[in-house]
$ cat model-v3.csv   # CSV, C-alpha atoms
chain,number,residue,atom,x,y,z
A,1,MET,CA,231.0,249.9,175.9
A,2,LYS,CA,230.1,253.5,176.7
A,3,LEU,CA,232.1,255.2,179.5
A,4,PHE,CA,229.1,255.6,181.9
A,5,ASP,CA,228.1,252.0,181.5
A,6,ASP,CA,231.7,250.8,182.1
A,7,LEU,CA,232.0,252.9,185.3
A,8,GLN,CA,228.7,251.5,186.6
A,9,ARG,CA,229.6,247.9,185.7
A,10,ARG,CA,232.9,248.2,187.5
A,11,GLY,CA,231.1,249.5,190.6
A,12,LEU,CA,233.0,252.8,190.5
A,13,ILE,CA,230.0,255.2,190.7
A,14,ALA,CA,228.7,256.0,194.2
A,15,GLN,CA,226.5,259.1,194.0
A,16,MET,CA,225.3,261.6,191.3
A,17,THR,CA,223.4,264.8,191.4
A,18,HIS,CA,221.7,264.4,188.1
A,19,PRO,CA,222.0,260.9,186.7
A,20,GLU,CA,220.5,261.5,183.2
A,21,GLU,CA,222.5,264.7,182.5
A,22,ILE,CA,225.7,263.1,183.9
A,23,GLU,CA,225.3,260.0,181.7
A,24,ALA,CA,224.9,262.2,178.7
A,25,LEU,CA,228.0,264.3,179.5
A,26,LEU,CA,230.2,261.2,180.1
A,27,ASN,CA,229.1,259.5,176.9
A,28,LYS,CA,230.0,262.4,174.7
A,29,ASP,CA,233.4,262.0,173.0
A,30,SER,CA,234.5,265.4,174.4
A,31,GLY,CA,233.9,267.3,177.6
A,32,THR,CA,235.6,268.9,180.6
A,33,PHE,CA,235.5,267.9,184.2
A,34,TYR,CA,237.6,268.7,187.3
A,35,MET,CA,238.9,266.9,190.3
A,36,GLY,CA,240.8,268.4,193.3
A,37,PHE,CA,243.9,267.1,195.2
A,38,ASP,CA,244.9,268.8,198.4
A,39,ALA,CA,248.6,268.8,198.8
A,40,THR,CA,248.7,267.4,202.4
A,41,ALA,CA,251.7,265.1,201.9
A,42,SER,CA,254.6,264.8,199.6
A,43,SER,CA,253.1,261.7,197.9
A,44,LEU,CA,249.8,260.5,196.6
A,45,HIS,CA,248.5,257.2,198.1
A,46,VAL,CA,246.4,254.3,196.8
A,47,GLY,CA,243.1,256.2,197.5
A,48,HIS,CA,244.3,258.8,195.0
A,49,PHE,CA,245.3,256.1,192.6
A,50,LEU,CA,241.7,255.0,192.2
A,51,VAL,CA,240.5,258.4,191.1
A,52,LEU,CA,243.6,258.8,188.8
A,53,THR,CA,242.6,255.6,187.0
A,54,VAL,CA,239.1,257.1,186.6
A,55,ILE,CA,240.6,260.2,185.1
A,56,ARG,CA,242.6,258.1,182.7
A,57,ARG,CA,239.5,256.1,181.7
A,58,MET,CA,237.7,259.4,181.0
A,59,GLN,CA,240.6,260.7,179.0
A,60,LEU,CA,240.6,257.5,176.8
A,61,ALA,CA,236.9,258.2,176.2
A,62,GLY,CA,237.6,261.7,174.9
A,63,GLN,CA,237.1,263.8,178.1
A,64,LYS,CA,239.6,266.4,179.2
A,65,PRO,CA,240.4,266.8,182.9
A,66,ILE,CA,241.2,269.8,185.0
A,67,LEU,CA,243.6,268.7,187.7
A,68,LEU,CA,243.2,271.1,190.6
A,69,LEU,CA,246.1,271.2,193.0
A,70,GLY,CA,244.8,272.5,196.3
A,71,THR,CA,247.6,274.9,197.2
A,72,GLY,CA,244.9,277.2,198.7
A,73,THR,CA,242.5,274.8,200.3
A,74,THR,CA,245.4,272.8,201.9
A,75,MET,CA,246.2,275.9,203.9
A,76,VAL,CA,242.7,275.5,205.6
A,77,GLY,CA,242.4,271.7,205.7
A,78,ASP,CA,239.5,269.5,204.8
A,79,PRO,CA,237.7,268.2,207.9
A,80,SER,CA,236.1,265.3,205.9
A,81,GLY,CA,236.9,261.9,207.4
A,82,ARG,CA,238.9,263.5,210.2
A,83,THR,CA,238.6,263.3,214.0
A,84,ASP,CA,241.0,266.2,214.5
A,85,MET,CA,242.3,269.2,212.7
A,86,ARG,CA,244.9,268.6,210.0
A,87,LYS,CA,248.5,269.8,210.6
A,88,MET,CA,249.1,273.3,209.3
A,89,LEU,CA,251.7,273.3,206.5
A,90,THR,CA,253.8,276.2,205.2
A,91,VAL,CA,253.3,277.6,201.7
A,92,GLU,CA,256.6,276.2,200.7
A,93,GLU,CA,255.7,272.7,202.0
A,94,ILE,CA,252.3,272.8,200.2
A,95,ASN,CA,253.9,273.9,196.8
A,96,HIS,CA,256.6,271.2,197.1
A,97,ASN,CA,253.9,268.6,197.7
A,98,ALA,CA,251.9,269.8,194.7
A,99,ASP,CA,255.0,269.5,192.5
A,100,MET,CA,255.5,265.9,193.7
A,101,PHE,CA,251.8,265.2,192.9
A,102,VAL,CA,252.2,266.4,189.3
A,103,GLU,CA,255.2,264.1,188.8
A,104,GLN,CA,253.3,261.1,190.2
A,105,MET,CA,250.2,261.9,188.2
A,106,GLY,CA,252.1,261.9,185.0
A,107,ARG,CA,252.7,258.1,185.3
A,108,ILE,CA,249.0,257.4,185.1
A,109,VAL,CA,247.3,260.4,183.5
A,110,ASP,CA,248.2,262.0,180.1
A,111,LEU,CA,249.2,265.4,181.3
A,112,ASP,CA,249.5,266.7,177.7
A,113,ASN,CA,245.7,266.3,177.5
A,114,ALA,CA,245.0,267.9,180.9
A,115,VAL,CA,244.8,271.3,182.4
A,116,ILE,CA,246.7,271.7,185.7
A,117,VAL,CA,245.7,274.6,188.0
A,118,ARG,CA,246.5,275.6,191.6
A,119,ASN,CA,243.6,277.1,193.6
A,120,GLY,CA,246.1,279.2,195.6
A,121,ASP,CA,246.4,281.3,192.5
A,122,TRP,CA,242.9,282.7,193.1
A,123,LEU,CA,242.0,281.8,196.6
A,124,LEU,CA,245.0,283.7,198.1
A,125,LYS,CA,243.9,286.8,196.3
A,126,LEU,CA,240.3,286.9,197.6
A,127,ASN,CA,239.0,289.7,199.7
A,128,TYR,CA,237.4,288.1,202.7
A,129,LEU,CA,234.5,290.5,203.1
A,130,GLU,CA,233.7,290.3,199.4
A,131,LEU,CA,233.8,286.5,199.6
A,132,LEU,CA,231.3,286.6,202.5
A,133,ARG,CA,229.0,289.0,200.6
A,134,ASP,CA,229.2,287.3,197.2
A,135,VAL,CA,229.5,283.7,198.2
A,136,GLY,CA,228.9,283.2,201.9
A,137,VAL,CA,225.4,284.6,201.6
A,138,HIS,CA,224.4,281.5,199.6
A,139,PHE,CA,225.4,279.0,202.4
A,140,SER,CA,223.0,278.0,205.2
A,141,VAL,CA,224.8,277.2,208.4
A,142,ASN,CA,222.1,274.8,209.4
A,143,ARG,CA,222.5,272.9,206.2
A,144,MET,CA,226.3,272.9,206.5
A,145,LEU,CA,226.1,271.5,210.0
A,146,SER,CA,224.0,268.6,208.7
A,147,ALA,CA,226.7,267.6,206.3
A,148,GLU,CA,228.6,264.5,207.4
A,149,CYS,CA,232.0,266.1,207.1
A,150,PHE,CA,231.0,268.6,209.8
A,151,LYS,CA,228.4,266.6,211.8
A,152,SER,CA,231.0,263.9,212.7
A,153,ARG,CA,233.2,266.6,214.2
A,154,MET,CA,230.8,268.3,216.5
A,155,GLU,CA,231.6,266.2,219.5
A,156,THR,CA,235.4,266.3,219.1
A,157,GLY,CA,235.5,269.9,218.0
A,158,LEU,CA,235.3,271.8,214.7
A,159,SER,CA,237.5,274.8,214.2
A,160,PHE,CA,236.3,277.9,212.4
A,161,ILE,CA,239.0,277.7,209.8
A,162,GLU,CA,237.9,274.2,208.8
A,163,PHE,CA,234.3,275.5,208.7
A,164,ASN,CA,235.4,277.7,205.7
A,165,TYR,CA,236.6,274.7,203.7
A,166,MET,CA,233.3,273.9,202.0
A,167,ILE,CA,232.9,277.5,200.9
A,168,MET,CA,236.4,277.6,199.4
A,169,GLN,CA,236.0,274.3,197.5
A,170,SER,CA,232.6,275.5,196.3
A,171,TYR,CA,234.2,278.7,195.0
A,172,ASP,CA,236.7,276.6,193.1
A,173,PHE,CA,233.8,275.1,191.1
A,174,LEU,CA,232.4,278.5,190.4
A,175,TYR,CA,235.8,279.8,189.3
A,176,LEU,CA,236.4,276.8,186.9
A,177,TYR,CA,232.9,277.0,185.6
A,178,ARG,CA,233.4,280.7,184.7
A,179,LYS,CA,237.0,280.2,183.2
A,180,TYR,CA,236.7,276.8,181.5
A,181,GLY,CA,233.0,276.2,181.2
A,182,CYS,CA,233.5,273.2,183.5
A,183,LYS,CA,230.1,271.7,184.5
A,184,LEU,CA,231.2,268.5,186.3
A,185,GLN,CA,233.2,267.9,189.5
A,186,LEU,CA,234.3,264.4,190.4
A,187,GLY,CA,235.7,263.1,193.7
A,188,GLY,CA,235.7,260.3,196.3
A,189,ASN,CA,232.4,259.6,198.0
A,190,ASP,CA,233.7,261.4,201.2
A,191,GLN,CA,233.6,264.6,199.2
A,192,TRP,CA,229.9,264.4,198.4
A,193,SER,CA,228.8,267.3,200.7
A,194,ASN,CA,231.5,269.6,199.3
A,195,ILE,CA,230.7,268.7,195.7
A,196,ILE,CA,226.9,269.2,195.9
A,197,SER,CA,227.6,272.6,197.6
A,198,GLY,CA,229.8,273.7,194.7
A,199,ALA,CA,227.2,272.6,192.1
A,200,ASP,CA,224.5,274.5,194.1
A,201,LEU,CA,226.7,277.6,194.2
A,202,VAL,CA,227.2,277.7,190.4
A,203,ARG,CA,223.4,277.4,189.9
A,204,ARG,CA,222.6,280.1,192.5
A,205,VAL,CA,225.2,282.7,191.5
A,206,ASP,CA,225.4,282.2,187.7
A,207,GLY,CA,222.3,280.2,187.0
A,208,GLY,CA,224.6,277.6,185.3
A,209,GLU,CA,224.4,273.9,184.8
A,210,ALA,CA,226.7,272.1,187.3
A,211,TYR,CA,226.8,268.5,188.4
A,212,GLY,CA,228.6,266.3,190.8
A,213,LEU,CA,229.7,262.7,190.7
A,214,THR,CA,231.4,260.7,193.4
A,215,PHE,CA,233.3,257.4,193.2
A,216,THR,CA,233.4,254.4,195.5
A,217,LEU,CA,236.0,254.6,198.2
A,218,LEU,CA,238.7,251.9,198.3
A,219,GLU,CA,237.3,249.8,201.2
A,220,THR,CA,237.0,246.2,202.2
A,221,LYS,CA,233.5,244.6,202.2
A,222,ASP,CA,233.1,245.3,205.9
A,223,GLY,CA,233.8,249.0,205.4
A,224,ARG,CA,237.4,249.4,206.4
A,225,LYS,CA,239.7,251.6,204.3
A,226,MET,CA,242.2,249.8,202.2
A,227,GLY,CA,245.7,251.1,201.6
A,228,LYS,CA,247.2,250.8,205.1
A,229,THR,CA,250.0,248.5,206.3
A,230,ALA,CA,252.0,248.2,209.6
A,231,LYS,CA,254.3,250.9,208.2
A,232,GLY,CA,251.4,253.3,207.4
A,233,ALA,CA,249.9,254.3,204.1
A,234,VAL,CA,250.7,252.6,200.8
A,235,TRP,CA,252.2,255.5,198.8
A,236,LEU,CA,252.8,256.0,195.1
A,237,ASP,CA,256.3,257.4,195.8
A,238,ALA,CA,258.9,254.7,195.5
A,239,ASP,CA,260.9,256.2,198.3
A,240,LYS,CA,258.0,255.9,200.7
A,241,THR,CA,256.6,252.5,199.5
A,242,THR,CA,259.1,250.5,197.3
A,243,PRO,CA,257.8,248.9,194.1
A,244,TYR,CA,258.3,245.5,195.8
A,245,GLU,CA,256.3,246.5,198.9
A,246,PHE,CA,253.6,248.0,196.6
A,247,PHE,CA,253.4,244.7,194.7
A,248,GLN,CA,253.3,242.7,197.8
A,249,TYR,CA,250.5,244.7,199.3
A,250,TRP,CA,248.2,243.9,196.4
A,251,ARG,CA,249.5,240.3,196.2
A,252,ASN,CA,248.4,239.8,199.7
A,253,VAL,CA,244.8,241.3,199.6
A,254,ASP,CA,242.1,239.1,201.0
A,255,ASP,CA,240.5,236.6,198.7
A,256,ALA,CA,237.1,238.5,199.1
A,257,GLU,CA,238.6,241.7,197.8
A,258,VAL,CA,240.7,240.7,194.8
A,259,ILE,CA,238.0,240.7,192.1
A,260,ASN,CA,236.6,244.0,193.3
A,261,CYS,CA,240.1,245.6,193.2
A,262,LEU,CA,240.6,244.3,189.7
A,263,LYS,CA,237.3,246.0,188.6
A,264,LEU,CA,238.0,249.3,190.4
A,265,LEU,CA,241.7,249.7,189.7
A,266,THR,CA,242.9,247.9,186.6
A,267,PHE,CA,242.3,248.6,182.9
A,268,LEU,CA,241.6,244.9,182.1
A,269,PRO,CA,238.4,244.5,180.2
A,270,ILE,CA,235.4,244.2,182.6
A,271,GLY,CA,234.3,241.0,180.8
A,272,GLU,CA,237.6,239.4,181.5
A,273,ILE,CA,237.5,240.3,185.2
A,274,GLU,CA,233.9,239.0,185.5
A,275,GLY,CA,235.1,235.7,184.1
A,276,MET,CA,237.4,235.4,187.2
A,277,GLU,CA,234.5,235.7,189.7
A,278,LYS,CA,234.2,231.9,189.8
A,279,TRP,CA,237.9,231.4,190.4
A,280,GLN,CA,238.8,229.7,193.7
A,281,GLY,CA,241.9,228.5,195.5
A,282,SER,CA,245.1,228.6,193.4
A,283,GLU,CA,243.2,230.5,190.7
A,284,LEU,CA,242.5,233.3,193.2
A,285,ASN,CA,246.2,233.5,193.9
A,286,LYS,CA,246.7,233.9,190.1
A,287,ALA,CA,244.2,236.7,190.2
A,288,LYS,CA,246.1,238.4,193.0
A,289,GLU,CA,249.3,238.2,191.0
A,290,ILE,CA,247.6,239.8,188.0
A,291,LEU,CA,246.3,242.5,190.2
A,292,ALA,CA,249.6,243.2,191.8
A,293,PHE,CA,251.5,243.2,188.5
A,294,GLU,CA,249.0,245.5,186.7
A,295,LEU,CA,248.9,248.1,189.5
A,296,THR,CA,252.7,248.1,190.0
A,297,LYS,CA,253.1,248.5,186.2
A,298,SER,CA,250.7,251.5,186.2
A,299,VAL,CA,252.4,253.2,189.1
A,300,HIS,CA,256.1,252.3,188.7
A,301,GLY,CA,256.4,251.0,185.1
A,302,LYS,CA,256.7,247.5,183.6
A,303,GLU,CA,260.4,247.1,184.5
A,304,GLU,CA,259.8,247.5,188.2
A,305,ALA,CA,256.7,245.3,188.0
A,306,ASP,CA,258.7,242.6,186.4
A,307,LYS,CA,261.3,242.9,189.1
A,308,ALA,CA,258.7,242.7,191.9
A,309,LEU,CA,257.0,239.7,190.3
A,310,GLY,CA,260.4,237.9,189.9
A,311,ALA,CA,261.2,238.7,193.6
A,312,ALA,CA,257.9,237.4,194.7
A,313,LYS,CA,258.3,234.1,192.8
A,314,ALA,CA,261.8,233.6,194.0
A,315,LEU,CA,260.6,234.0,197.6
A,316,PHE,CA,257.8,231.6,197.1
A,317,ALA,CA,260.0,229.0,195.4
A,318,ALA,CA,262.8,229.2,198.0
A,319,GLY,CA,260.4,229.5,201.0
A,320,GLY,CA,261.8,233.0,201.6
A,321,GLY,CA,265.0,233.2,199.6
A,322,SER,CA,267.0,236.3,199.2
A,323,ASP,CA,266.1,237.9,195.9
A,324,GLY,CA,267.9,241.2,195.2
A,325,ASN,CA,264.7,243.1,194.7
A,326,MET,CA,263.5,242.4,198.3
A,327,PRO,CA,263.1,245.5,200.5
A,328,SER,CA,266.3,246.0,202.5
A,329,THR,CA,268.1,247.9,205.3
A,330,THR,CA,271.8,248.5,205.6
A,331,LEU,CA,273.4,248.5,209.0
A,332,GLU,CA,276.4,250.7,209.6
A,333,THR,CA,279.2,250.1,212.0
A,334,GLY,CA,277.6,252.6,214.4
A,335,ASP,CA,274.5,250.4,214.6
A,336,PHE,CA,276.5,247.7,216.4
A,337,ALA,CA,277.0,248.6,220.1
A,338,ASP,CA,280.0,246.6,221.2
A,339,GLY,CA,279.9,244.6,218.0
A,340,ALA,CA,276.2,243.5,218.3
A,341,VAL,CA,272.7,244.8,217.7
A,342,ASN,CA,269.6,243.9,219.7
A,343,ILE,CA,266.8,242.2,217.8
A,344,VAL,CA,264.2,244.7,219.1
A,345,ASP,CA,266.3,247.7,217.9
A,346,LEU,CA,266.9,245.9,214.6
A,347,LEU,CA,263.1,245.5,213.9
A,348,ILE,CA,262.6,249.2,214.5
A,349,LYS,CA,265.6,250.1,212.3
A,350,ALA,CA,264.2,248.0,209.5
A,351,LYS,CA,260.7,249.5,210.0
A,352,LEU,CA,259.3,246.1,210.6
A,353,ALA,CA,257.8,247.5,213.9
A,354,PRO,CA,256.8,251.0,214.7
A,355,SER,CA,257.9,250.8,218.4
A,356,LYS,CA,259.8,248.7,220.9
A,357,GLY,CA,256.5,247.5,222.4
A,358,GLU,CA,255.2,246.3,219.0
A,359,ALA,CA,258.6,244.6,218.3
A,360,ARG,CA,258.5,242.7,221.6
A,361,ARG,CA,254.9,241.7,220.9
A,362,LEU,CA,255.9,240.3,217.5
A,363,ILE,CA,258.7,238.3,219.0
A,364,GLN,CA,256.6,237.0,221.9
A,365,GLN,CA,253.9,235.8,219.5
A,366,ASN,CA,256.5,234.0,217.3
A,367,GLY,CA,256.0,236.4,214.5
A,368,ILE,CA,259.7,236.9,213.7
A,369,THR,CA,262.0,234.4,212.0
A,370,VAL,CA,265.6,234.9,210.8
A,371,ASP,CA,267.6,233.2,208.1
A,372,PHE,CA,271.4,233.6,208.4
A,373,GLY,CA,271.9,231.3,205.4
A,374,GLU,CA,270.9,228.0,206.9
A,375,GLY,CA,267.1,228.3,206.8
A,376,PHE,CA,264.6,230.3,208.9
A,377,GLN,CA,264.6,230.0,212.6
A,378,SER,CA,262.0,231.4,215.0
A,379,ILE,CA,263.1,234.1,217.4
A,380,SER,CA,261.7,234.0,221.0
A,381,ASP,CA,264.4,235.8,223.0
A,382,LEU,CA,263.7,239.5,223.5
A,383,ASN,CA,267.3,240.0,224.5
A,384,LEU,CA,268.8,238.3,221.5
A,385,THR,CA,271.8,240.2,220.0
A,386,ILE,CA,273.1,239.6,216.6
A,387,ARG,CA,276.9,240.0,216.4
A,388,HIS,CA,278.5,241.6,213.4
A,389,ASP,CA,281.0,238.7,213.2
A,390,ASP,CA,278.3,236.1,213.0
A,391,ILE,CA,276.7,237.5,209.8
A,392,LYS,CA,277.8,235.4,206.8
A,393,ASN,CA,278.2,237.0,203.3
A,394,GLY,CA,277.3,240.4,204.7
A,395,CYS,CA,273.6,239.9,204.8
A,396,PHE,CA,270.7,237.9,206.2
A,397,VAL,CA,266.9,237.9,205.9
A,398,ILE,CA,264.2,238.6,208.5
A,399,LYS,CA,260.6,237.3,208.0
A,400,LYS,CA,257.7,238.9,209.8
A,401,GLY,CA,254.6,236.7,209.8
A,402,LYS,CA,254.2,234.6,206.7
A,403,LYS,CA,254.4,237.2,204.0
A,404,VAL,CA,256.8,240.0,204.8
A,405,PHE,CA,260.5,239.5,204.0
A,406,HIS,CA,263.3,242.0,204.6
A,407,LYS,CA,267.0,241.7,203.8
A,408,ILE,CA,269.6,243.2,206.2
A,409,PHE,CA,272.9,244.2,204.7
A,410,VAL,CA,275.9,244.9,206.9

$ encode --input "model-v3.csv" --output "structure tokens"
Amino acid sequence: MKLFDDLQRRGLIAQMTHPEEIEALLNKDSGTFYMGFDATASSLHVGHFLVLTVIRRMQLAGQKPILLLGTGTTMVGDPSGRTDMRKMLTVEEINHNADMFVEQMGRIVDLDNAVIVRNGDWLLKLNYLELLRDVGVHFSVNRMLSAECFKSRMETGLSFIEFNYMIMQSYDFLYLYRKYGCKLQLGGNDQWSNIISGADLVRRVDGGEAYGLTFTLLETKDGRKMGKTAKGAVWLDADKTTPYEFFQYWRNVDDAEVINCLKLLTFLPIGEIEGMEKWQGSELNKAKEILAFELTKSVHGKEEADKALGAAKALFAAGGGSDGNMPSTTLETGDFADGAVNIVDLLIKAKLAPSKGEARRLIQQNGITVDFGEGFQSISDLNLTIRHDDIKNGCFVIKKGKKVFHKIFV
């Protein structure tokens, strides 16, 4: 199957500037495109994972990506999808985050067949007045304000620095067009306004061919963003989201989402996935297991995926046993005041609850059970203290809800 047809059949394509031209570009066995990644955190998350898998698909079809690290644009901050201004980061923080991105990208994308650039290398050298005269003159304020990324912020407040973001990203496209002959920018669908502005700038300034293509955002059928847990985002960094937690997130997706996730995120043949669309009941659980294993393997490697799968099966077989690959927290002597630790404080320490209020709510709603080696027992006492001397074999297991297990070592 040709690349363009495969992307469409999987439901990956959201919007295009020039469908016929883009189809021709993608179906060539060679070509160049670019995608940008602002370095706003020290790890990529599952939203980035979707576009990284697209990049890999395109590489396998003969296309060469330019991976643009936004070391310049991150200093301004993209207002898209935000209700407030992003936190200002230092140059050192931004460059550190970009370094981490490259390491994580290398697990999914073939970096030997990619060009890696940092837009800080050219944006930080720009003369502001020259930029206004050469680039800013091509932007209509009225048109910019009609873009969703700005329009949604007019009530809560849009800073002038953020207003410059679209111009800077558009300039990136012009720069890469001139240096690498790049005619195509890709991105998530929330980047549509920025992408079409960049393509328009290339055409206005250099009279060149420039196109934009956006991909489906990772959302549930009712429009909610996927990739969030009680602890926050699902990260690609194993120190932020362990391979086991990453596996469990995908193992526990809603029945209605599993087939779509297989299409969007895995490299399984589309025909094989479409054959799963009629699966129900226990077969859907098998599909979730396949999804979780394939994605964990892509991000963390087969060894970690095998461990996570083994841990999940051990927990299922034992009704919540204590497999060694389960996420864990170690309590030190100092955590035990007078030889005991309060259950509310323990839930926060283990990051099973973000606050004391949420920890109390979980307990009051019978959402916490504990296994000290004799089976799980429900916890209802907010003042329960667990004594150091009562813990057998140096560990026990806490279960939150039906699916989250956490081992406590002492």

$ residues_around --input "model-v3.csv" --residues "His300 in chain A" --least-positions-apart "2" --cutoff "12 Å" --atoms "all atoms listed in the file" --output "count of residues only"
32

$ residues_around --input "model-v3.csv" --residues "Leu217 in chain A" --least-positions-apart "5" --cutoff "8 Å" --atoms "only C-alpha atoms" --output "VMD selection string"
chain A and resid 47 188 to 190 225

$ closest_residue --input "model-v3.csv" --among "A:Leu331, A:Leu262, A:Leu186, A:Val410" --to "Met16 in chain A" --atoms "all atoms listed in the file"
A:Leu186

$ residues_around --input "model-v3.csv" --residues "Thr214 in chain A" --least-positions-apart "5" --cutoff "12 Å" --atoms "all atoms listed in the file" --output "VMD selection string"
chain A and resid 7 to 8 11 to 19 22 34 to 35 50 to 51 54 184 to 196

$ write_last_selection --input "model-v3.csv" --atoms "C-alpha atoms" --output "mmCIF file, keeping the file's coordinate frame"
data_model
loop_
_atom_site.group_PDB
_atom_site.id
_atom_site.type_symbol
_atom_site.label_atom_id
_atom_site.label_comp_id
_atom_site.auth_asym_id
_atom_site.auth_seq_id
_atom_site.Cartn_x
_atom_site.Cartn_y
_atom_site.Cartn_z
ATOM 1 C CA LEU A 7 232.000 252.900 185.300
ATOM 2 C CA GLN A 8 228.700 251.500 186.600
ATOM 3 C CA GLY A 11 231.100 249.500 190.600
ATOM 4 C CA LEU A 12 233.000 252.800 190.500
ATOM 5 C CA ILE A 13 230.000 255.200 190.700
ATOM 6 C CA ALA A 14 228.700 256.000 194.200
ATOM 7 C CA GLN A 15 226.500 259.100 194.000
ATOM 8 C CA MET A 16 225.300 261.600 191.300
ATOM 9 C CA THR A 17 223.400 264.800 191.400
ATOM 10 C CA HIS A 18 221.700 264.400 188.100
ATOM 11 C CA PRO A 19 222.000 260.900 186.700
ATOM 12 C CA ILE A 22 225.700 263.100 183.900
ATOM 13 C CA TYR A 34 237.600 268.700 187.300
ATOM 14 C CA MET A 35 238.900 266.900 190.300
ATOM 15 C CA LEU A 50 241.700 255.000 192.200
ATOM 16 C CA VAL A 51 240.500 258.400 191.100
ATOM 17 C CA VAL A 54 239.100 257.100 186.600
ATOM 18 C CA LEU A 184 231.200 268.500 186.300
ATOM 19 C CA GLN A 185 233.200 267.900 189.500
ATOM 20 C CA LEU A 186 234.300 264.400 190.400
ATOM 21 C CA GLY A 187 235.700 263.100 193.700
ATOM 22 C CA GLY A 188 235.700 260.300 196.300
ATOM 23 C CA ASN A 189 232.400 259.600 198.000
ATOM 24 C CA ASP A 190 233.700 261.400 201.200
ATOM 25 C CA GLN A 191 233.600 264.600 199.200
ATOM 26 C CA TRP A 192 229.900 264.400 198.400
ATOM 27 C CA SER A 193 228.800 267.300 200.700
ATOM 28 C CA ASN A 194 231.500 269.600 199.300
ATOM 29 C CA ILE A 195 230.700 268.700 195.700
ATOM 30 C CA ILE A 196 226.900 269.200 195.900
#

$ atom_distance --input "model-v3.csv" --atom1 "CA of Lys64 in chain A" --atom2 "CA of Asn113 in chain A"
6.3 Å

$ atom_distance --input "model-v3.csv" --atom1 "CA of Ser42 in chain A" --atom2 "CA of Met100 in chain A"
6.1 Å

$ closest_residue --input "model-v3.csv" --among "A:Pro269, A:Glu21, A:Leu52, A:Met166" --to "Leu145 in chain A" --atoms "only C-alpha atoms"
A:Met166

$ atom_distance --input "model-v3.csv" --atom1 "CA of Tyr165 in chain A" --atom2 "CA of Thr90 in chain A"
17.3 Å

$ residues_around --input "model-v3.csv" --residues "Glu257 in chain A" --least-positions-apart "5" --cutoff "9 Å" --atoms "only C-alpha atoms" --output "list in words"
Glu219, Thr220, Lys221 and Leu262 of chain A

$ write_last_selection --input "model-v3.csv" --atoms "C-alpha atoms" --output "PDB file, keeping the file's coordinate frame"
ATOM      1  CA  GLU A 219     237.300 249.800 201.200  1.00  0.00           C
ATOM      2  CA  THR A 220     237.000 246.200 202.200  1.00  0.00           C
ATOM      3  CA  LYS A 221     233.500 244.600 202.200  1.00  0.00           C
ATOM      4  CA  LEU A 262     240.600 244.300 189.700  1.00  0.00           C
TER       5      LEU A 262
END
